[in-house]
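For reference, input-v6.txt is printed below; it contains compact mmCIF, C-alpha atoms.
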```txt
# COMPACT_ATOMS: atom_id res chain seq x y z
CA MET A 1 -7.92 -20.07 11.85
CA GLY A 2 -8.17 -17.96 8.73
CA LEU A 3 -10.58 -15.15 8.01
CA GLN A 4 -14.14 -15.89 6.92
CA VAL A 5 -15.28 -13.30 4.39
CA GLY A 6 -18.77 -12.59 3.10
CA ILE A 7 -18.98 -10.76 -0.24
CA VAL A 8 -22.23 -8.86 -0.74
CA GLY A 9 -23.19 -8.28 -4.36
CA THR A 10 -21.99 -10.53 -7.17
CA GLY A 11 -22.06 -8.11 -10.11
CA ALA A 12 -19.28 -7.28 -12.54
CA PHE A 13 -17.19 -5.17 -10.15
CA SER A 14 -17.43 -7.71 -7.34
CA GLN A 15 -16.21 -10.43 -9.67
CA SER A 16 -12.86 -8.66 -9.99
CA PHE A 17 -12.37 -9.12 -6.24
CA ILE A 18 -13.84 -12.55 -5.49
CA PRO A 19 -10.76 -14.44 -6.83
CA LEU A 20 -8.44 -12.23 -4.75
CA PHE A 21 -10.26 -12.82 -1.48
CA LYS A 22 -10.50 -16.52 -2.27
CA ALA A 23 -6.75 -16.75 -3.02
CA HIS A 24 -5.44 -14.72 -0.09
CA PRO A 25 -3.42 -17.03 2.20
CA HIS A 26 -5.12 -15.64 5.33
CA VAL A 27 -8.67 -16.19 4.07
CA GLU A 28 -10.11 -19.57 4.99
CA ARG A 29 -13.65 -19.25 3.63
CA VAL A 30 -15.60 -17.03 1.24
CA VAL A 31 -19.39 -16.71 1.30
CA LEU A 32 -21.22 -15.09 -1.64
CA CYS A 33 -24.30 -13.02 -0.90
CA ASP A 34 -26.85 -11.60 -3.34
CA LEU A 35 -30.57 -10.93 -3.20
CA ASP A 36 -30.88 -12.34 -6.73
CA ASP A 37 -30.92 -16.13 -6.42
CA GLU A 38 -29.84 -16.71 -10.01
CA LYS A 39 -26.94 -14.26 -9.92
CA ARG A 40 -25.76 -15.75 -6.63
CA ALA A 41 -25.86 -19.30 -8.00
CA VAL A 42 -24.09 -18.38 -11.23
CA ALA A 43 -21.28 -16.60 -9.37
CA ALA A 44 -20.90 -19.46 -6.90
CA ALA A 45 -20.54 -21.94 -9.75
CA ARG A 46 -18.13 -19.74 -11.69
CA PHE A 47 -15.78 -19.23 -8.76
CA GLU A 48 -16.29 -22.69 -7.24
CA ILE A 49 -17.55 -21.33 -3.94
CA ARG A 50 -19.78 -23.63 -1.95
CA ASP A 51 -21.24 -21.28 0.67
CA THR A 52 -23.82 -18.61 -0.16
CA SER A 53 -26.18 -16.30 1.70
CA PRO A 54 -29.49 -14.79 0.51
CA SER A 55 -29.22 -11.40 2.26
CA LEU A 56 -27.04 -9.05 4.27
CA ASP A 57 -29.30 -9.70 7.27
CA ASP A 58 -28.56 -13.41 6.98
CA LEU A 59 -24.85 -12.79 6.52
CA CYS A 60 -24.65 -10.52 9.59
CA ALA A 61 -26.25 -13.27 11.67
CA SER A 62 -23.73 -15.83 10.42
CA PRO A 63 -20.23 -16.55 11.79
CA VAL A 64 -18.34 -14.67 9.04
CA ASP A 65 -15.68 -12.30 10.34
CA ALA A 66 -15.87 -9.71 7.57
CA VAL A 67 -18.38 -8.28 5.12
CA CYS A 68 -17.34 -6.78 1.77
CA LEU A 69 -19.89 -4.47 0.15
CA PHE A 70 -20.19 -4.33 -3.65
CA THR A 71 -23.80 -3.16 -3.75
CA GLN A 72 -25.49 -0.08 -5.25
CA ASN A 73 -23.47 2.96 -4.31
CA TRP A 74 -26.28 4.68 -2.41
CA LEU A 75 -26.59 1.68 -0.04
CA HIS A 76 -23.01 1.51 1.24
CA GLY A 77 -23.34 3.79 4.26
CA SER A 78 -26.31 2.12 5.92
CA GLN A 79 -25.09 -1.38 5.08
CA ALA A 80 -21.63 -0.69 6.52
CA VAL A 81 -23.16 0.53 9.78
CA GLN A 82 -25.38 -2.56 9.96
CA ALA A 83 -22.40 -4.88 9.52
CA LEU A 84 -20.18 -2.97 11.98
CA GLU A 85 -22.93 -3.05 14.60
CA ALA A 86 -23.16 -6.81 14.04
CA GLY A 87 -19.46 -7.05 14.96
CA LYS A 88 -18.18 -7.61 11.42
CA HIS A 89 -15.16 -6.02 9.81
CA VAL A 90 -16.23 -4.07 6.71
CA TYR A 91 -14.69 -3.47 3.30
CA SER A 92 -16.81 -1.08 1.23
CA ALA A 93 -16.67 -0.03 -2.38
CA VAL A 94 -16.95 3.74 -2.86
CA PRO A 95 -18.61 5.96 -1.87
CA PRO A 96 -18.78 5.40 1.91
CA GLY A 97 -22.16 7.15 2.22
CA ILE A 98 -24.29 9.79 0.53
CA SER A 99 -25.21 12.16 3.37
CA VAL A 100 -23.47 13.86 6.25
CA THR A 101 -25.61 11.85 8.66
CA GLU A 102 -24.56 8.56 7.03
CA ILE A 103 -20.89 9.51 7.32
CA GLU A 104 -21.33 10.54 10.96
CA ASN A 105 -23.07 7.22 11.69
CA LEU A 106 -20.31 5.31 9.92
CA VAL A 107 -17.53 6.91 11.95
CA ALA A 108 -19.51 6.40 15.17
CA ALA A 109 -20.06 2.71 14.35
CA ALA A 110 -16.39 2.19 13.51
CA ARG A 111 -15.38 3.82 16.81
CA SER A 112 -17.84 1.93 19.00
CA SER A 113 -17.38 -1.48 17.37
CA GLY A 114 -13.60 -1.42 17.26
CA ALA A 115 -13.87 -3.42 14.03
CA VAL A 116 -11.90 -2.71 10.87
CA TYR A 117 -13.64 -0.46 8.37
CA MET A 118 -11.86 0.14 5.10
CA LEU A 119 -12.99 2.05 2.04
CA GLY A 120 -11.87 0.39 -1.18
CA GLU A 121 -10.60 3.63 -2.67
CA THR A 122 -8.68 2.63 -5.77
CA SER A 123 -7.02 6.03 -6.27
CA TYR A 124 -4.92 5.43 -3.15
CA TYR A 125 -2.80 2.98 -5.17
CA TYR A 126 -2.73 4.75 -8.52
CA PRO A 127 0.88 5.03 -9.71
CA GLY A 128 0.89 8.83 -9.82
CA VAL A 129 -0.44 9.00 -6.28
CA LEU A 130 2.19 6.51 -5.06
CA TYR A 131 4.90 8.58 -6.73
CA CYS A 132 3.65 11.83 -5.21
CA ARG A 133 3.34 10.26 -1.76
CA GLU A 134 7.00 9.23 -1.94
CA GLN A 135 8.12 12.65 -3.19
CA PHE A 136 6.12 14.40 -0.48
CA ALA A 137 7.64 12.19 2.24
CA ARG A 138 11.11 13.12 0.94
CA GLY A 139 10.25 16.83 1.11
CA ALA A 140 10.77 17.20 -2.64
CA PHE A 141 7.66 19.36 -3.10
CA GLY A 142 8.64 21.86 -0.43
CA GLN A 143 5.52 23.52 0.93
CA ILE A 144 2.38 22.55 -0.98
CA VAL A 145 0.70 25.53 -2.62
CA TYR A 146 -1.84 23.98 -5.01
CA GLY A 147 -3.39 20.63 -5.85
CA GLN A 148 -5.86 19.47 -8.44
CA ALA A 149 -7.58 16.17 -9.08
CA GLU A 150 -10.33 15.06 -11.37
CA TYR A 151 -12.50 12.16 -12.40
CA TYR A 152 -13.79 12.48 -15.98
CA HIS A 153 -16.20 9.73 -17.04
CA ASP A 154 -18.67 10.51 -19.80
CA TRP A 155 -21.98 8.70 -19.95
CA ASP A 156 -21.09 7.30 -23.37
CA HIS A 157 -18.24 5.33 -21.80
CA GLY A 158 -20.26 2.56 -20.20
CA LEU A 159 -22.19 4.52 -17.59
CA TYR A 160 -25.59 3.84 -19.15
CA ASP A 161 -25.11 0.11 -18.70
CA VAL A 162 -23.88 0.58 -15.13
CA ALA A 163 -26.90 2.73 -14.29
CA ARG A 164 -29.30 0.14 -15.71
CA TRP A 165 -27.63 -2.67 -13.72
CA ARG A 166 -27.80 -0.66 -10.54
CA GLY A 167 -31.19 0.99 -10.92
CA GLY A 168 -33.32 -1.57 -12.71
CA GLU A 169 -36.48 -0.55 -14.53
CA ASN A 170 -36.47 3.00 -13.12
CA TRP A 171 -32.73 3.51 -13.56
CA ARG A 172 -33.00 7.16 -14.62
CA GLU A 173 -34.34 8.09 -11.20
CA THR A 174 -31.16 6.94 -9.47
CA ALA A 175 -28.73 7.68 -12.31
CA GLY A 176 -28.81 11.43 -11.79
CA ILE A 177 -26.86 11.31 -8.54
CA PRO A 178 -24.77 14.48 -8.08
CA PRO A 179 -21.21 14.05 -9.37
CA MET A 180 -19.92 15.41 -6.05
CA TYR A 181 -21.65 12.50 -4.29
CA TYR A 182 -18.91 10.38 -5.91
CA PRO A 183 -15.82 12.49 -5.17
CA THR A 184 -13.46 10.09 -3.44
CA HIS A 185 -11.47 9.05 -6.52
CA SER A 186 -10.43 12.70 -6.76
CA THR A 187 -10.28 13.99 -3.18
CA SER A 188 -8.36 10.98 -1.90
CA GLN A 189 -5.50 11.63 -4.29
CA ILE A 190 -4.60 14.97 -2.70
CA ILE A 191 -5.56 14.11 0.88
CA SER A 192 -3.67 10.80 0.93
CA VAL A 193 -0.50 12.48 -0.32
CA THR A 194 -0.33 15.60 1.86
CA GLY A 195 -2.46 14.61 4.85
CA ALA A 196 -4.16 18.01 4.71
CA ARG A 197 -7.95 18.18 4.93
CA MET A 198 -10.37 20.34 3.01
CA THR A 199 -11.78 23.13 5.17
CA ARG A 200 -13.92 25.44 2.97
CA VAL A 201 -15.44 25.10 -0.48
CA SER A 202 -17.12 27.02 -3.26
CA CYS A 203 -18.54 24.89 -6.07
CA GLN A 204 -20.15 25.54 -9.44
CA GLY A 205 -22.27 23.09 -11.42
CA PHE A 206 -23.06 22.61 -15.11
CA ARG A 207 -26.84 22.35 -15.56
CA ASP A 208 -27.37 19.46 -17.94
CA THR A 209 -29.95 19.58 -20.74
CA HIS A 210 -29.14 16.33 -22.55
CA GLU A 211 -32.06 14.52 -24.18
CA ASP A 212 -31.58 11.43 -21.98
CA GLY A 213 -33.21 13.38 -19.14
CA ILE A 214 -30.95 11.93 -16.44
CA TYR A 215 -30.42 15.32 -14.85
CA GLY A 216 -34.05 16.36 -15.11
CA ALA A 217 -36.34 14.64 -12.65
CA ASN A 218 -34.33 12.27 -10.46
CA ASP A 219 -34.29 10.98 -6.90
CA TRP A 220 -31.63 13.52 -5.98
CA ALA A 221 -33.33 16.64 -7.38
CA ASN A 222 -29.96 17.20 -9.02
CA PRO A 223 -29.57 19.28 -12.22
CA PHE A 224 -25.77 18.98 -12.55
CA SER A 225 -23.81 16.53 -14.70
CA ASN A 226 -20.49 18.31 -14.05
CA GLN A 227 -19.26 20.04 -10.90
CA SER A 228 -16.07 21.96 -10.19
CA ALA A 229 -15.05 22.87 -6.62
CA LEU A 230 -12.34 25.09 -5.17
CA TYR A 231 -11.19 24.26 -1.64
CA SER A 232 -9.12 25.84 1.09
CA MET A 233 -6.85 23.25 2.70
CA SER A 234 -5.73 22.90 6.30
CA ASP A 235 -2.06 23.26 5.25
CA GLY A 236 -2.73 26.68 3.69
CA SER A 237 -2.82 25.45 0.10
CA VAL A 238 -5.66 25.59 -2.43
CA CYS A 239 -7.18 22.59 -4.22
CA ARG A 240 -9.47 22.23 -7.23
CA ILE A 241 -11.61 19.11 -7.74
CA ASN A 242 -13.54 18.33 -10.95
CA GLU A 243 -16.23 15.64 -11.19
CA PHE A 244 -17.48 15.51 -14.82
CA ARG A 245 -19.98 13.05 -16.32
CA ARG A 246 -20.77 14.87 -19.56
CA VAL A 247 -17.47 15.75 -21.17
CA GLY A 248 -15.64 15.30 -24.48
CA HIS A 249 -12.74 13.42 -23.01
CA PRO A 250 -11.52 9.80 -23.14
CA GLY A 251 -11.81 9.61 -19.35
CA CYS A 252 -9.31 9.77 -16.50
CA VAL A 253 -8.57 9.72 -12.81
CA ARG A 254 -5.53 11.94 -12.30
CA MET A 255 -3.92 14.59 -10.16
CA GLY A 256 -1.44 17.46 -10.15
CA LEU A 257 0.44 18.90 -7.20
CA GLN A 258 2.57 22.03 -6.96
CA GLY A 259 4.93 22.97 -4.16
CA THR A 260 7.48 25.68 -3.53
CA GLU A 261 10.33 23.40 -4.69
CA GLY A 262 8.86 20.96 -7.21
CA GLY A 263 5.71 19.75 -8.86
CA PHE A 264 3.91 16.82 -10.46
CA GLU A 265 1.85 17.21 -13.61
CA GLN A 266 -0.34 14.58 -15.24
CA THR A 267 -2.24 15.09 -18.49
CA ALA A 268 -3.56 12.97 -21.33
CA ALA A 269 -0.10 13.37 -22.91
CA GLY A 270 1.77 11.93 -19.91
CA ALA A 271 3.18 12.66 -16.46
CA SER A 272 6.25 14.64 -15.39
CA TRP A 273 8.19 15.78 -12.33
CA LEU A 274 9.10 19.47 -12.52
CA ARG A 275 11.66 21.72 -10.82
CA LYS A 276 11.14 25.44 -10.46
CA ASP A 277 14.54 26.39 -11.89
CA GLY A 278 13.74 24.60 -15.15
CA THR A 279 16.96 22.60 -15.11
CA ARG A 280 15.16 19.30 -15.07
CA VAL A 281 11.88 17.96 -16.35
CA GLU A 282 11.65 14.26 -15.65
CA PRO A 283 9.21 12.19 -17.77
CA LEU A 284 7.48 9.54 -15.67
CA ASP A 285 5.50 7.57 -18.23
CA ASP A 286 7.70 4.45 -18.07
CA LEU A 287 7.74 4.42 -14.26
CA LEU A 288 3.96 4.82 -13.98
CA ALA A 289 2.89 2.52 -16.83
CA CYS A 290 0.78 -0.39 -15.55
CA THR A 291 2.46 -3.14 -17.57
CA GLY A 292 2.83 -5.70 -14.76
CA GLN A 293 5.78 -6.63 -12.57
CA PRO A 294 7.48 -9.98 -11.77
CA VAL A 295 6.85 -11.59 -8.41
CA PRO A 296 10.03 -10.80 -6.42
CA GLY A 297 12.29 -13.68 -5.47
CA SER A 298 10.17 -16.45 -6.93
CA ASP A 299 11.59 -19.64 -8.34
CA PRO A 300 10.53 -19.59 -12.00
CA MET A 301 9.63 -23.27 -11.67
CA ASP A 302 7.31 -22.59 -8.74
CA LYS A 303 3.82 -23.83 -9.52
CA VAL A 304 2.34 -20.50 -8.37
CA THR A 305 4.22 -18.56 -11.01
CA ALA A 306 4.72 -21.12 -13.76
CA SER A 307 1.74 -19.91 -15.79
CA ASP A 308 2.18 -16.22 -15.10
CA GLY A 309 4.96 -15.00 -12.84
CA THR A 310 3.70 -11.41 -12.66
CA HIS A 311 1.39 -9.27 -10.64
CA LEU A 312 -0.85 -8.04 -13.42
CA GLY A 313 -1.65 -4.42 -14.14
CA VAL A 314 0.85 -2.82 -11.75
CA SER A 315 3.61 -0.29 -12.41
CA ALA A 316 7.22 -0.07 -11.32
CA ALA A 317 6.03 2.36 -8.63
CA HIS A 318 3.94 -0.34 -6.93
CA PRO A 319 5.51 -2.18 -3.95
CA VAL A 320 4.75 -5.65 -5.31
CA GLU A 321 7.16 -7.27 -2.85
CA ARG A 322 4.49 -7.00 -0.15
CA LEU A 323 1.80 -8.85 -2.14
CA PRO A 324 1.04 -12.56 -1.64
CA GLU A 325 2.60 -14.75 -4.33
CA ALA A 326 -0.81 -16.35 -4.66
CA PHE A 327 -2.02 -13.17 -6.38
CA ALA A 328 0.31 -13.74 -9.34
CA GLY A 329 -1.69 -13.90 -12.56
CA LEU A 330 -4.99 -13.09 -10.84
CA PRO A 331 -7.29 -10.21 -11.77
CA ASN A 332 -6.15 -6.70 -11.00
CA GLY A 333 -7.72 -3.43 -11.96
CA HIS A 334 -7.95 0.32 -11.56
CA ALA A 335 -4.26 0.89 -12.24
CA GLY A 336 -3.00 -1.96 -10.13
CA SER A 337 -4.97 -1.11 -6.99
CA HIS A 338 -7.22 -4.13 -6.41
CA GLN A 339 -4.61 -6.55 -5.10
CA PHE A 340 -3.19 -3.98 -2.66
CA LEU A 341 -6.61 -3.04 -1.31
CA VAL A 342 -7.58 -6.65 -0.64
CA ASP A 343 -4.26 -7.34 1.06
CA ASP A 344 -4.56 -4.17 3.19
CA PHE A 345 -7.99 -5.21 4.41
CA VAL A 346 -7.23 -8.85 5.11
CA MET A 347 -4.01 -8.09 6.97
CA ALA A 348 -5.72 -5.40 9.06
CA CYS A 349 -8.45 -7.88 10.04
CA VAL A 350 -5.98 -10.65 10.85
CA ASN A 351 -3.29 -8.62 12.62
CA GLY A 352 -5.14 -5.54 13.82
CA THR A 353 -2.59 -3.41 12.00
CA ALA A 354 -3.15 0.21 10.99
CA HIS A 355 -4.48 0.52 7.47
CA PRO A 356 -5.20 3.31 4.98
CA ASN A 357 -8.69 4.39 3.96
CA ASN A 358 -10.20 3.86 7.41
CA ALA A 359 -13.54 5.40 8.41
CA TRP A 360 -11.95 8.73 9.36
CA ASP A 361 -10.07 8.87 6.06
CA ALA A 362 -13.29 8.00 4.25
CA ALA A 363 -15.06 10.89 5.99
CA ARG A 364 -12.35 13.31 4.90
CA TYR A 365 -12.61 12.03 1.32
CA MET A 366 -16.43 12.21 1.21
CA LEU A 367 -17.62 15.18 3.27
CA PRO A 368 -15.93 17.73 0.94
CA GLY A 369 -18.01 16.40 -1.96
CA LEU A 370 -21.30 16.50 -0.07
CA THR A 371 -20.56 20.08 1.02
CA ALA A 372 -19.53 21.06 -2.51
CA HIS A 373 -22.87 19.94 -3.92
CA GLU A 374 -24.69 22.04 -1.34
CA SER A 375 -22.55 25.00 -2.38
CA ALA A 376 -23.38 24.47 -6.05
CA LEU A 377 -27.10 24.38 -5.31
CA HIS A 378 -26.68 27.84 -3.76
CA GLY A 379 -24.71 29.34 -6.62
CA GLY A 380 -21.24 28.75 -5.22
CA THR A 381 -21.75 29.94 -1.65
CA LEU A 382 -18.58 29.47 0.43
CA LEU A 383 -19.24 26.73 2.99
CA GLU A 384 -17.30 25.16 5.85
CA VAL A 385 -16.48 21.46 5.34
CA PRO A 386 -17.30 19.46 8.48
CA ASP A 387 -14.58 17.29 9.98
CA LEU A 388 -14.96 14.22 12.19
CA GLY A 389 -11.41 14.13 13.49
CA ASP A 390 -8.74 11.43 13.56
CA PRO A 391 -8.94 7.72 14.45
CA PRO A 392 -8.69 6.95 18.17
CA GLY A 393 -5.11 7.04 19.40
CA THR A 394 -3.75 9.05 16.46
CA GLY A 395 -5.06 12.59 16.93
```

Could you render the structure as structure tokens?
Amino acid sequence: MGLQVGIVGTGAFSQSFIPLFKAHPHVERVVLCDLDDEKRAVAAARFEIRDTSPSLDDLCASPVDAVCLFTQNWLHGSQAVQALEAGKHVYSAVPPGISVTEIENLVAAARSSGAVYMLGETSYYYPGVLYCREQFARGAFGQIVYGQAEYYHDWDHGLYDVARWRGGENWRETAGIPPMYYPTHSTSQIISVTGARMTRVSCQGFRDTHEDGIYGANDWANPFSNQSALYSMSDGSVCRINEFRRVGHPGCVRMGLQGTEGGFEQTAAGASWLRKDGTRVEPLDDLLACTGQPVPGSDPMDKVTASDGTHLGVSAAHPVERLPEAFAGLPNGHAGSHQFLVDDFVMACVNGTAHPNNAWDAARYMLPGLTAHESALHGGTLLEVPDLGDPPGTG
């Protein structure tokens, strides 16, 4: 029997994933769930999915094996706990929760249920992160001394529309969420490469005075559109994280990492591997470009690959040989990450295999951001970052 998957939320982001779950060879049935009857019906017709559900409550009471959350970002924590407590595996879009209590409850529910929880953190499969993970495993960095990661996304680049979709008539009240309540695109890059956790933080915030009033009165009592945090790491290194939402920049998710023997730099002009003696600077733009890759070993006449024999949107750094052939030509996004994330989750549910971005990883990605915001509210006070430990059997 294949996996039965319920997808909660049928908005634009969810629609990038519905075809992947439907096509995965280990998924037998997909159920679409949305509180909005019209949106649910339109999505079901578009993707030719027969089964639908009117609410998460209804879905949790149904026989689906897994629940995938593509709802408003401030709902993920409580909804994930509800599904885990109902015995469902959970895939969640970021962030995993928006308070320390929510993250604690999430980890507790993952531990007690024994079900798979996976955060759909796209940065884990960004080409630069894959490259750095490989270099780190080879020892090419030496000892890590400094890391930096950032997510720059100005409001003028589509965020107004996203906020209106998510927040409805009173969208400004929810739109002003602290940037450090959405840190995982940045923090996960460094943490997933080195395995070190963030232990202490001092953070500063930019007090926003834009006429749109988003960072005036809002549900979060948050005045900051931009936040910059400096962390101590458990491996002795230092890390800087920037979360900017009001910035004259085309936008990016990127990282840099410096060690005693080598380093990785990524800017708007490109990416490079560096050696301290200056004898070699290796440009990486061709390796990391997400131009798509052929499906390995496929017969070009195979019906799966006849129309498009590539995994779309991936780079040469992506291990496409592990992806299902059925994903060829299907949607991919966020620098080639979507297909890998779906496959990780499905295979973990089916085989019980270890997977990245579990609840304990999610806590280590998220808690540094929550603590950083608290620091910024107190003028940069140095604070300890809480830690919830390792998954059972690994610590």

Item to complete: Point out the residue among A:Ala149, A:Thr199, A:Asn73, A:Ser186 with the least atom-to-atom distance to A:Gly167, counting all atoms listed in the file.
Response: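 Going through A:Ala149, A:Thr199, A:Asn73, A:Ser186 one by one, the smallest distance to A:Gly167 is for A:Asn73.
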
Worksheet entry | Residue with smallest distance to A:Pro250 - pool A:Glu282, A:Asp212, A:Asp156, A:Glu169, counting all atoms listed in the file | A:Asp156

Discussion item. Report, in Å to a single decimal, how far apart atom CA of A:Trp360 and atom CA of A:Phe340 are.
Written reply: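 Atom CA of A:Phe340 sits 19.6 Å away from atom CA of A:Trp360.
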
Worksheet item: What is the atom CA of A:Arg133-atom CA of A:Arg322 distance in Å, reported with one decimal?
Response: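 Atom CA of A:Arg322 lies 17.4 Å from atom CA of A:Arg133.
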
Worksheet item: Which residues, written as a PyMOL selection string, have at least one atom at most 9 Å from A:Leu323, with all atoms listed in the file counted and residues fewer than 6 positions away on the same chain left out?
Response: chain A and resi 295+311+339-340+343

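All residues of protein, DNA or RNA that reach within 9 Å of A:Met118, judged by only C-alpha atoms and not counting those fewer than 5 positions away in the chain, are His89, Val90, Tyr91, Ser92, Ala93, Leu341, Asp344, Phe345, His355, Pro356, Asn357, Asn358, Ala359, Asp361 and Ala362 of chain A.
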
Worksheet entry | Shell of 8 Å around A:Lys276, only C-alpha atoms, local chain residues under 4 positions omitted, as a PyMOL selection string | chain A and resi 260-262

Worksheet entry | Distance query 6 Å from (-6.3, 0.5, -8.4) using all atoms listed in the file, result as a list in words |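 Residues satisfying the cut-off, written out: Thr122, Ser123, Tyr125, Tyr126, Gly333, His334, Ala335, Gly336, Ser337 and His338 of chain A.
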
Practice prompt. Would you list the contacts of A:Ala109 as a ChimeraX atom specification, taking every protein, DNA or RNA residue within 8 Å and counting all atoms listed in the file, but skipping same-chain residues closer than 6 positions in sequence?
Written response: /A:81,84-85

Fill in: Closest of A:Phe70, A:Ala44, A:Tyr365, A:Ala12 to A:Asp161 - atom-to-atom distances counting all atoms listed in the file
A:Ala12

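Considering the residues A:Glu28, A:Asp285, A:Asp36, A:Glu104 and counting only C-alpha atoms, A:Ser55 has its shortest atom-to-atom contact with A:Asp36.
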
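Of the residues under consideration (A:Cys203, A:Ala43, A:Ala317, A:Leu35), A:Cys203 shows the shortest atom-to-atom contact distance to A:Thr381 when counting all atoms listed in the file.
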
Worksheet item: Got a sec to check which residues sit within 9 Å of (-16.0, 22.3, -1.9), counting all atoms listed in the file, and write them as JSON, numbers by chain?
Response: {"A": [180, 198, 199, 200, 201, 202, 203, 228, 229, 230, 231, 232, 240, 241, 367, 368, 369, 370, 371, 372, 373, 374, 375, 376, 380, 382, 383, 384, 385]}

Write a file of the just-selected residues containing C-alpha atoms, as an mmCIF file, in the coordinates of the input.
```
data_model
loop_
_atom_site.group_PDB
_atom_site.id
_atom_site.type_symbol
_atom_site.label_atom_id
_atom_site.label_comp_id
_atom_site.auth_asym_id
_atom_site.auth_seq_id
_atom_site.Cartn_x
_atom_site.Cartn_y
_atom_site.Cartn_z
ATOM 1 C CA MET A 180 -19.920 15.410 -6.050
ATOM 2 C CA MET A 198 -10.370 20.340 3.010
ATOM 3 C CA THR A 199 -11.780 23.130 5.170
ATOM 4 C CA ARG A 200 -13.920 25.440 2.970
ATOM 5 C CA VAL A 201 -15.440 25.100 -0.480
ATOM 6 C CA SER A 202 -17.120 27.020 -3.260
ATOM 7 C CA CYS A 203 -18.540 24.890 -6.070
ATOM 8 C CA SER A 228 -16.070 21.960 -10.190
ATOM 9 C CA ALA A 229 -15.050 22.870 -6.620
ATOM 10 C CA LEU A 230 -12.340 25.090 -5.170
ATOM 11 C CA TYR A 231 -11.190 24.260 -1.640
ATOM 12 C CA SER A 232 -9.120 25.840 1.090
ATOM 13 C CA ARG A 240 -9.470 22.230 -7.230
ATOM 14 C CA ILE A 241 -11.610 19.110 -7.740
ATOM 15 C CA LEU A 367 -17.620 15.180 3.270
ATOM 16 C CA PRO A 368 -15.930 17.730 0.940
ATOM 17 C CA GLY A 369 -18.010 16.400 -1.960
ATOM 18 C CA LEU A 370 -21.300 16.500 -0.070
ATOM 19 C CA THR A 371 -20.560 20.080 1.020
ATOM 20 C CA ALA A 372 -19.530 21.060 -2.510
ATOM 21 C CA HIS A 373 -22.870 19.940 -3.920
ATOM 22 C CA GLU A 374 -24.690 22.040 -1.340
ATOM 23 C CA SER A 375 -22.550 25.000 -2.380
ATOM 24 C CA ALA A 376 -23.380 24.470 -6.050
ATOM 25 C CA GLY A 380 -21.240 28.750 -5.220
ATOM 26 C CA LEU A 382 -18.580 29.470 0.430
ATOM 27 C CA LEU A 383 -19.240 26.730 2.990
ATOM 28 C CA GLU A 384 -17.300 25.160 5.850
ATOM 29 C CA VAL A 385 -16.480 21.460 5.340
#
```

Practice prompt. Determine, counting only C-alpha atoms, which protein, DNA and RNA residues have an atom within 10 Å of an atom of A:Ala221; residues of the same chain fewer than 6 positions away are not included. Present the result as a PyMOL selection string.
Written response: chain A and resi 173+176-178+215

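Minimum distance to A:Val64 across A:Arg29, A:Arg138, A:His210, A:His24 (counting all atoms listed in the file) occurs at A:Arg29.
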
Fill in: d(atom CA of A:Ile144, atom CA of A:Met366) in Å
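Here the two named atoms are 21.6 Å from each other.
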